[in-house]
Amino acid sequence: MKLAAIAIDYDGTMASNGVIDPDVRQAIAEVRRSGILVMLATGRRLDDLRRVLTDLASFDLIVAENGAVLQFPASGRHVVLGHPPAESFLDELRRRHVEFATGECVVEADAGAAPVVLEIVRRLELPLTLAFNRSRLMILSAGIAKSTGLYQALRSVRVSVHNTIGIGDAENDHDLLDACEVGAAVEWGSNSLKAAADEIIRGSGPAAVAGYLRRIAAQPRLSSEQMGRRQLLLGDDFNGQAVRLTVRGRTILVGGEPGTGKSWLAGLLCEQLILQGYSVCVIDPEGDYRSLEALPGVMMLGGEDPPPSSRELARALAYSDMSLVIDLSRLSHQAKLEYVHALLPLLATLRRSTGLPHKILLDEAHYFLNGADADALIDPELAGYILVTYRVSALDPGIRTPCDAVVLVTRETDPAEIETLTSLCRPQPSDAPSRGLFADLHPSEAVLLPGPVESQGASRRFTLAPRLTEHVRHRSKYLDMPVPEALAFVFTDGRTAGPRATTLKTFVGLLSTLPAARLQSHFQRHDFSRWIDEVFRDHPLAKRIRVLERNANSRVDAGIAGEAIAQAIRARYETVASSLDLVARSVADGVARDDRRTSR
């Protein structure tokens, strides 16, 4: 991810005895000239800062009083996020002979006065919090911290905390570092802060910060070595251990044969990224990701409407907390190719400029990234792509083989694809069983290939974690799509095997025509709901069918329940698609009528 902003503490981090290090001041000016915002995040009061800095315009943004006060030097805008201290509290401090200073919101005292201050806060039942900054104590309104000021300040200039590095030295910097994508602690600072930081700035004093600022400003993106605290849950392995991916600036490949849950797995990644505040742009050729619109900050574009223009995209992605799903399912295949080939370079340009979107998901990637110009469509430096495809082998080799790529695979039986996937393992598997792992995967399972540190040096097979939003199902994709023969549903009367269903269409037809005696034992074992749940991973439909199975206690009930299950499947997979087709025909008829009127 692109570095867009740096939030840095003052005392002890870049200043000694209240005086900023001259080389740090110069480095800040250089960083700002490179286009990176520099924010001062301090517990000091603004009047104090004006005294020690003389010129607040050395910074783009200022978070003062430990997050309670914001100052925008260029415009002079002043924002107070906290509340002024209650007079009753100040009077009690005076009565107890506690020396203190007040700002617009903060009350400062010596850290040794904390027991007395806490006693006063408890007795007066005030909504105040105490924060320590080495030898100083800050008393503030509840809910105020450097992170709250950081969020508000960055939001006002449309910069994301996920494009920000935080730098600090003391106790009151913990939440600052935690809020930023990368948190850096100075070596001469608090031991507890260093233990929680992503990286340490080596040195013995503020002068060392200058070199760090120049180094990070020169890099095109936040490096994988810096990022590491935020994670995505994939599922659990056979030992019950959680399998997680660290959110780093890496490309993720999601492979596997059609109908095995690739887009479901990719949607799981998107859900967690969106809920953690990342900006995600989903390029959705088949309409598989529409349910993500239910999540906060997600906008759906395309679909029934024309796909968004470059101007519309730039406007939508100007907000750091906005994610987009671009539904191209109504376009012809050629129109999709042309649109995506124009879209990907545009998104790369936006990311270079603003850092947004943080992640770009491209489904059916083999259609768009298999030509001679494929590498020109992808930005390898910023990376951060999620590429979903049933033909990993068709991707340009330069795209599928970066050294830090993460590869996730659902079930795969095609020998050519297995060979390609095996070649992506680092290290290469030496035994045949490892190569056969892809074909052995059960429904709701996937494997993380060896290579990234999260794989622990081996293929990690896991059961997928549940999703928050429902996976969108399509008649054209699932009703007629055959499952592998080994996963076919076999109807039986309990003694002999009967007809087999490898598609939902065949399954529905047999449910409606087979005698109740053929169905009754399946109801007793909940075979129908289990097949829908495990093979198609349609958990809501499986839950509904399970209720129908429980109510089938006799042959008469079994016959009724069989037809009810068939109707439930038809309603879920046929009705919506048929309705959409009807809408499309109505629109087309309306356009044709308008054309005829115009021609007259």
# chains A, B, ... in the order shown; residues from 1 in each chain; ligands from 1
>>> select_by_dssp(residues="region 315-395 of chain A", states="strand (DSSP E or B)", output="VMD selection string")
chain A and resid 323 to 327 359 to 362 385 to 388
>>> write_last_selection(atoms="N, CA and C atoms", output="PDB file, in the first residue's frame")
ATOM      1  N   SER A 323     -15.766   1.451  -0.397  1.00  0.00           N
ATOM      2  CA  SER A 323     -15.434   0.291  -1.224  1.00  0.00           C
ATOM      3  C   SER A 323     -16.448   0.186  -2.350  1.00  0.00           C
ATOM      4  N   LEU A 324     -16.016  -0.361  -3.479  1.00  0.00           N
ATOM      5  CA  LEU A 324     -16.870  -0.454  -4.659  1.00  0.00           C
ATOM      6  C   LEU A 324     -16.973  -1.899  -5.139  1.00  0.00           C
ATOM      7  N   VAL A 325     -18.167  -2.269  -5.594  1.00  0.00           N
ATOM      8  CA  VAL A 325     -18.363  -3.508  -6.345  1.00  0.00           C
ATOM      9  C   VAL A 325     -18.856  -3.096  -7.722  1.00  0.00           C
ATOM     10  N   ILE A 326     -18.080  -3.389  -8.757  1.00  0.00           N
ATOM     11  CA  ILE A 326     -18.439  -3.019 -10.130  1.00  0.00           C
ATOM     12  C   ILE A 326     -18.984  -4.262 -10.814  1.00  0.00           C
ATOM     13  N   ASP A 327     -20.296  -4.317 -10.973  1.00  0.00           N
ATOM     14  CA  ASP A 327     -21.000  -5.480 -11.521  1.00  0.00           C
ATOM     15  C   ASP A 327     -21.044  -5.360 -13.050  1.00  0.00           C
ATOM     16  N   LYS A 359      -7.100  -2.485  -1.960  1.00  0.00           N
ATOM     17  CA  LYS A 359      -7.088  -3.812  -2.577  1.00  0.00           C
ATOM     18  C   LYS A 359      -7.986  -3.803  -3.806  1.00  0.00           C
ATOM     19  N   ILE A 360      -7.563  -4.531  -4.838  1.00  0.00           N
ATOM     20  CA  ILE A 360      -8.350  -4.664  -6.064  1.00  0.00           C
ATOM     21  C   ILE A 360      -8.589  -6.152  -6.309  1.00  0.00           C
ATOM     22  N   LEU A 361      -9.853  -6.552  -6.346  1.00  0.00           N
ATOM     23  CA  LEU A 361     -10.203  -7.952  -6.633  1.00  0.00           C
ATOM     24  C   LEU A 361     -10.694  -8.055  -8.067  1.00  0.00           C
ATOM     25  N   LEU A 362     -10.121  -8.973  -8.807  1.00  0.00           N
ATOM     26  CA  LEU A 362     -10.541  -9.245 -10.185  1.00  0.00           C
ATOM     27  C   LEU A 362     -10.953 -10.704 -10.290  1.00  0.00           C
ATOM     28  N   TYR A 385      -3.345  -7.078  -5.153  1.00  0.00           N
ATOM     29  CA  TYR A 385      -4.445  -7.608  -5.956  1.00  0.00           C
ATOM     30  C   TYR A 385      -4.931  -8.941  -5.388  1.00  0.00           C
ATOM     31  N   ILE A 386      -6.217  -9.212  -5.573  1.00  0.00           N
ATOM     32  CA  ILE A 386      -6.785 -10.531  -5.309  1.00  0.00           C
ATOM     33  C   ILE A 386      -7.312 -11.032  -6.649  1.00  0.00           C
ATOM     34  N   LEU A 387      -6.662 -12.038  -7.225  1.00  0.00           N
ATOM     35  CA  LEU A 387      -7.000 -12.532  -8.553  1.00  0.00           C
ATOM     36  C   LEU A 387      -7.672 -13.898  -8.416  1.00  0.00           C
ATOM     37  N   VAL A 388      -8.893 -14.008  -8.920  1.00  0.00           N
ATOM     38  CA  VAL A 388      -9.699 -15.222  -8.776  1.00  0.00           C
ATOM     39  C   VAL A 388      -9.873 -15.840 -10.161  1.00  0.00           C
TER      40      VAL A 388
END
>>> residues_around(residues="Ala566 (chain A)", least_positions_apart="3", cutoff="9 Å", atoms="only C-alpha atoms", output="PyMOL selection string")
chain A and resi 507-512+561-563+569-571
>>> residues_around(residues="Ser190 (chain A)", least_positions_apart="2", cutoff="12 Å", atoms="only C-alpha atoms", output="ChimeraX atom specification")
/A:12-13,132-134,168-174,184-188,192-197,200
>>> residues_around(residues="Ala7 (chain A)", least_positions_apart="3", cutoff="6 Å", atoms="only C-alpha atoms", output="PyMOL selection string")
chain A and resi 39-40+166
>>> residues_around(residues="region 437-440 of chain A", least_positions_apart="5", cutoff="7 Å", atoms="only C-alpha atoms", output="MDAnalysis selection string")
chainID A and resid 411:413
>>> residues_around(residues="Asp60 (chain A)", least_positions_apart="5", cutoff="12 Å", atoms="only C-alpha atoms", output="PDB file with N, CA and C atoms, in the first residue's frame")
ATOM      1  N   ALA A   5       0.691   9.334   4.552  1.00  0.00           N
ATOM      2  CA  ALA A   5       0.771  10.243   5.695  1.00  0.00           C
ATOM      3  C   ALA A   5       1.645   9.651   6.800  1.00  0.00           C
ATOM      4  N   ILE A   6       2.244  10.536   7.579  1.00  0.00           N
ATOM      5  CA  ILE A   6       3.030  10.154   8.756  1.00  0.00           C
ATOM      6  C   ILE A   6       2.518  10.953   9.935  1.00  0.00           C
ATOM      7  N   ALA A   7       2.184  10.267  11.019  1.00  0.00           N
ATOM      8  CA  ALA A   7       1.754  10.921  12.261  1.00  0.00           C
ATOM      9  C   ALA A   7       2.847  10.718  13.299  1.00  0.00           C
ATOM     10  N   ILE A   8       3.384  11.817  13.833  1.00  0.00           N
ATOM     11  CA  ILE A   8       4.576  11.714  14.669  1.00  0.00           C
ATOM     12  C   ILE A   8       4.398  12.485  15.979  1.00  0.00           C
ATOM     13  N   ILE A  28      11.308  16.582   7.734  1.00  0.00           N
ATOM     14  CA  ILE A  28       9.855  16.756   7.611  1.00  0.00           C
ATOM     15  C   ILE A  28       9.533  17.608   6.390  1.00  0.00           C
ATOM     16  N   ALA A  29      10.296  18.672   6.179  1.00  0.00           N
ATOM     17  CA  ALA A  29      10.074  19.523   5.002  1.00  0.00           C
ATOM     18  C   ALA A  29      10.287  18.737   3.709  1.00  0.00           C
ATOM     19  N   VAL A  31       9.956  15.460   3.326  1.00  0.00           N
ATOM     20  CA  VAL A  31       8.864  14.491   3.200  1.00  0.00           C
ATOM     21  C   VAL A  31       7.612  15.169   2.652  1.00  0.00           C
ATOM     22  N   ARG A  32       7.305  16.342   3.139  1.00  0.00           N
ATOM     23  CA  ARG A  32       6.113  17.057   2.672  1.00  0.00           C
ATOM     24  C   ARG A  32       6.244  17.442   1.203  1.00  0.00           C
ATOM     25  N   ARG A  33       7.447  17.811   0.797  1.00  0.00           N
ATOM     26  CA  ARG A  33       7.647  18.169  -0.608  1.00  0.00           C
ATOM     27  C   ARG A  33       7.458  16.964  -1.534  1.00  0.00           C
ATOM     28  N   GLY A  35       5.084  14.948  -1.284  1.00  0.00           N
ATOM     29  CA  GLY A  35       3.652  14.698  -1.399  1.00  0.00           C
ATOM     30  C   GLY A  35       3.051  13.913  -0.258  1.00  0.00           C
ATOM     31  N   ILE A  36       3.827  13.598   0.764  1.00  0.00           N
ATOM     32  CA  ILE A  36       3.334  12.860   1.930  1.00  0.00           C
ATOM     33  C   ILE A  36       2.940  13.848   3.019  1.00  0.00           C
ATOM     34  N   LEU A  37       1.735  13.681   3.566  1.00  0.00           N
ATOM     35  CA  LEU A  37       1.283  14.542   4.663  1.00  0.00           C
ATOM     36  C   LEU A  37       2.041  14.200   5.939  1.00  0.00           C
ATOM     37  N   VAL A  38       2.392  15.232   6.708  1.00  0.00           N
ATOM     38  CA  VAL A  38       3.033  15.011   8.000  1.00  0.00           C
ATOM     39  C   VAL A  38       2.150  15.637   9.082  1.00  0.00           C
ATOM     40  N   MET A  39       1.769  14.811  10.036  1.00  0.00           N
ATOM     41  CA  MET A  39       0.877  15.229  11.112  1.00  0.00           C
ATOM     42  C   MET A  39       1.618  15.169  12.438  1.00  0.00           C
ATOM     43  N   LEU A  40       1.472  16.217  13.238  1.00  0.00           N
ATOM     44  CA  LEU A  40       2.005  16.230  14.594  1.00  0.00           C
ATOM     45  C   LEU A  40       0.918  15.745  15.541  1.00  0.00           C
ATOM     46  N   ALA A  41       1.198  14.695  16.314  1.00  0.00           N
ATOM     47  CA  ALA A  41       0.231  14.142  17.270  1.00  0.00           C
ATOM     48  C   ALA A  41       0.864  14.193  18.656  1.00  0.00           C
ATOM     49  N   ASP A  55       6.423  28.188  14.413  1.00  0.00           N
ATOM     50  CA  ASP A  55       5.652  28.120  13.175  1.00  0.00           C
ATOM     51  C   ASP A  55       4.954  26.767  13.065  1.00  0.00           C
ATOM     52  N   LEU A  70      -7.832  19.760  17.248  1.00  0.00           N
ATOM     53  CA  LEU A  70      -7.239  19.680  15.922  1.00  0.00           C
ATOM     54  C   LEU A  70      -6.956  21.077  15.396  1.00  0.00           C
ATOM     55  N   GLN A  71      -5.827  21.230  14.716  1.00  0.00           N
ATOM     56  CA  GLN A  71      -5.480  22.490  14.091  1.00  0.00           C
ATOM     57  C   GLN A  71      -5.010  22.215  12.661  1.00  0.00           C
ATOM     58  N   PHE A  72      -5.531  22.991  11.708  1.00  0.00           N
ATOM     59  CA  PHE A  72      -5.148  22.884  10.303  1.00  0.00           C
ATOM     60  C   PHE A  72      -4.383  24.155   9.943  1.00  0.00           C
ATOM     61  N   PRO A  73      -3.049  24.118  10.016  1.00  0.00           N
ATOM     62  CA  PRO A  73      -2.254  25.342   9.870  1.00  0.00           C
ATOM     63  C   PRO A  73      -2.502  26.104   8.574  1.00  0.00           C
ATOM     64  N   ALA A  74      -2.683  25.418   7.450  1.00  0.00           N
ATOM     65  CA  ALA A  74      -2.822  26.113   6.169  1.00  0.00           C
ATOM     66  C   ALA A  74      -4.070  26.985   6.123  1.00  0.00           C
ATOM     67  N   SER A  75      -5.170  26.505   6.695  1.00  0.00           N
ATOM     68  CA  SER A  75      -6.433  27.244   6.642  1.00  0.00           C
ATOM     69  C   SER A  75      -6.752  27.973   7.935  1.00  0.00           C
ATOM     70  N   GLY A  76      -6.066  27.607   9.023  1.00  0.00           N
ATOM     71  CA  GLY A  76      -6.384  28.176  10.324  1.00  0.00           C
ATOM     72  C   GLY A  76      -7.588  27.536  10.990  1.00  0.00           C
ATOM     73  N   ARG A  77      -8.124  26.485  10.392  1.00  0.00           N
ATOM     74  CA  ARG A  77      -9.300  25.815  10.967  1.00  0.00           C
ATOM     75  C   ARG A  77      -8.932  25.181  12.290  1.00  0.00           C
ATOM     76  N   ALA A 153      -8.860  13.951  11.831  1.00  0.00           N
ATOM     77  CA  ALA A 153      -8.002  14.798  11.010  1.00  0.00           C
ATOM     78  C   ALA A 153      -7.795  14.187   9.627  1.00  0.00           C
ATOM     79  N   LEU A 154      -7.485  12.885   9.573  1.00  0.00           N
ATOM     80  CA  LEU A 154      -7.259  12.235   8.288  1.00  0.00           C
ATOM     81  C   LEU A 154      -8.540  12.167   7.463  1.00  0.00           C
ATOM     82  N   VAL A 157      -9.241  15.218   5.383  1.00  0.00           N
ATOM     83  CA  VAL A 157      -8.433  15.412   4.165  1.00  0.00           C
ATOM     84  C   VAL A 157      -8.464  14.171   3.279  1.00  0.00           C
TER      85      VAL A 157
END
>>> select_by_dssp(residues="region 106-279 of chain A", states="helix (DSSP H, G or I)", output="ChimeraX atom specification")
/A:111-124,146-156,161-163,171-179,191-196,207-218,262-275
>>> closest_atom_pairs(of="region 256-353 of chain A", to="region 374-383 of chain A", cutoff="10 Å", atoms="only C-alpha atoms", output="CSV")
residue,atom,partner,partner_atom,distance
A:Val340,CA,A:Leu377,CA,9.1
A:His341,CA,A:Leu377,CA,6.9
A:Ala342,CA,A:Leu377,CA,8.5
A:Leu343,CA,A:Leu377,CA,8.7
A:Leu344,CA,A:Leu377,CA,5.6
A:Pro345,CA,A:Leu377,CA,5.4
A:Leu346,CA,A:Leu377,CA,9.1
A:Leu347,CA,A:Asp379,CA,9.3
A:Ala348,CA,A:Asp379,CA,6.1
A:Thr349,CA,A:Asp379,CA,9.0
A:Arg351,CA,A:Leu382,CA,8.0
A:Arg352,CA,A:Leu382,CA,8.0
>>> write_last_selection(atoms="N, CA and C atoms", output="PDB file, in the first residue's frame")
ATOM      1  N   VAL A 340     -12.509  -3.708 -18.662  1.00  0.00           N
ATOM      2  CA  VAL A 340     -11.506  -4.060 -17.652  1.00  0.00           C
ATOM      3  C   VAL A 340     -10.106  -3.628 -18.095  1.00  0.00           C
ATOM      4  N   HIS A 341      -9.822  -3.719 -19.386  1.00  0.00           N
ATOM      5  CA  HIS A 341      -8.511  -3.309 -19.884  1.00  0.00           C
ATOM      6  C   HIS A 341      -8.315  -1.801 -19.733  1.00  0.00           C
ATOM      7  N   ALA A 342      -9.393  -1.022 -19.709  1.00  0.00           N
ATOM      8  CA  ALA A 342      -9.288   0.415 -19.436  1.00  0.00           C
ATOM      9  C   ALA A 342      -9.329   0.696 -17.939  1.00  0.00           C
ATOM     10  N   LEU A 343     -10.048  -0.151 -17.198  1.00  0.00           N
ATOM     11  CA  LEU A 343     -10.244   0.082 -15.768  1.00  0.00           C
ATOM     12  C   LEU A 343      -8.982  -0.161 -14.941  1.00  0.00           C
ATOM     13  N   LEU A 344      -8.284  -1.255 -15.199  1.00  0.00           N
ATOM     14  CA  LEU A 344      -7.133  -1.606 -14.369  1.00  0.00           C
ATOM     15  C   LEU A 344      -6.045  -0.523 -14.376  1.00  0.00           C
ATOM     16  N   PRO A 345      -5.636   0.022 -15.531  1.00  0.00           N
ATOM     17  CA  PRO A 345      -4.650   1.111 -15.491  1.00  0.00           C
ATOM     18  C   PRO A 345      -5.162   2.344 -14.757  1.00  0.00           C
ATOM     19  N   LEU A 346      -6.464   2.633 -14.881  1.00  0.00           N
ATOM     20  CA  LEU A 346      -7.041   3.771 -14.164  1.00  0.00           C
ATOM     21  C   LEU A 346      -6.923   3.578 -12.655  1.00  0.00           C
ATOM     22  N   LEU A 347      -7.258   2.385 -12.176  1.00  0.00           N
ATOM     23  CA  LEU A 347      -7.159   2.104 -10.745  1.00  0.00           C
ATOM     24  C   LEU A 347      -5.706   2.196 -10.272  1.00  0.00           C
ATOM     25  N   ALA A 348      -4.766   1.730 -11.102  1.00  0.00           N
ATOM     26  CA  ALA A 348      -3.348   1.828 -10.741  1.00  0.00           C
ATOM     27  C   ALA A 348      -2.930   3.287 -10.610  1.00  0.00           C
ATOM     28  N   THR A 349      -3.418   4.136 -11.498  1.00  0.00           N
ATOM     29  CA  THR A 349      -3.095   5.563 -11.435  1.00  0.00           C
ATOM     30  C   THR A 349      -3.677   6.200 -10.182  1.00  0.00           C
ATOM     31  N   ARG A 351      -4.347   4.706  -7.351  1.00  0.00           N
ATOM     32  CA  ARG A 351      -3.611   4.208  -6.182  1.00  0.00           C
ATOM     33  C   ARG A 351      -2.262   4.921  -6.049  1.00  0.00           C
ATOM     34  N   ARG A 352      -1.613   5.185  -7.162  1.00  0.00           N
ATOM     35  CA  ARG A 352      -0.343   5.918  -7.125  1.00  0.00           C
ATOM     36  C   ARG A 352      -0.544   7.338  -6.588  1.00  0.00           C
TER      37      ARG A 352
END
>>> residues_around(residues="Val409 (chain A)", least_positions_apart="2", cutoff="6 Å", atoms="only C-alpha atoms", output="PyMOL selection string")
chain A and resi 254-256+446-447
>>> write_last_selection(atoms="C-alpha atoms", output="PDB file, in the first residue's frame")
ATOM      1  CA  VAL A 254      -7.483 -17.848  -5.572  1.00  0.00           C
ATOM      2  CA  GLY A 255      -7.654 -20.917  -7.847  1.00  0.00           C
ATOM      3  CA  GLY A 256      -9.745 -24.067  -8.208  1.00  0.00           C
ATOM      4  CA  ALA A 446      -9.281 -24.950   0.651  1.00  0.00           C
ATOM      5  CA  VAL A 447      -5.502 -25.065   0.935  1.00  0.00           C
TER       6      VAL A 447
END
>>> atom_distance(atom1="CA of Leu408 (chain A)", atom2="CA of Ile252 (chain A)")
7.5 Å
>>> atom_distance(atom1="CA of Asp236 (chain A)", atom2="CA of Phe462 (chain A)")
5.1 Å
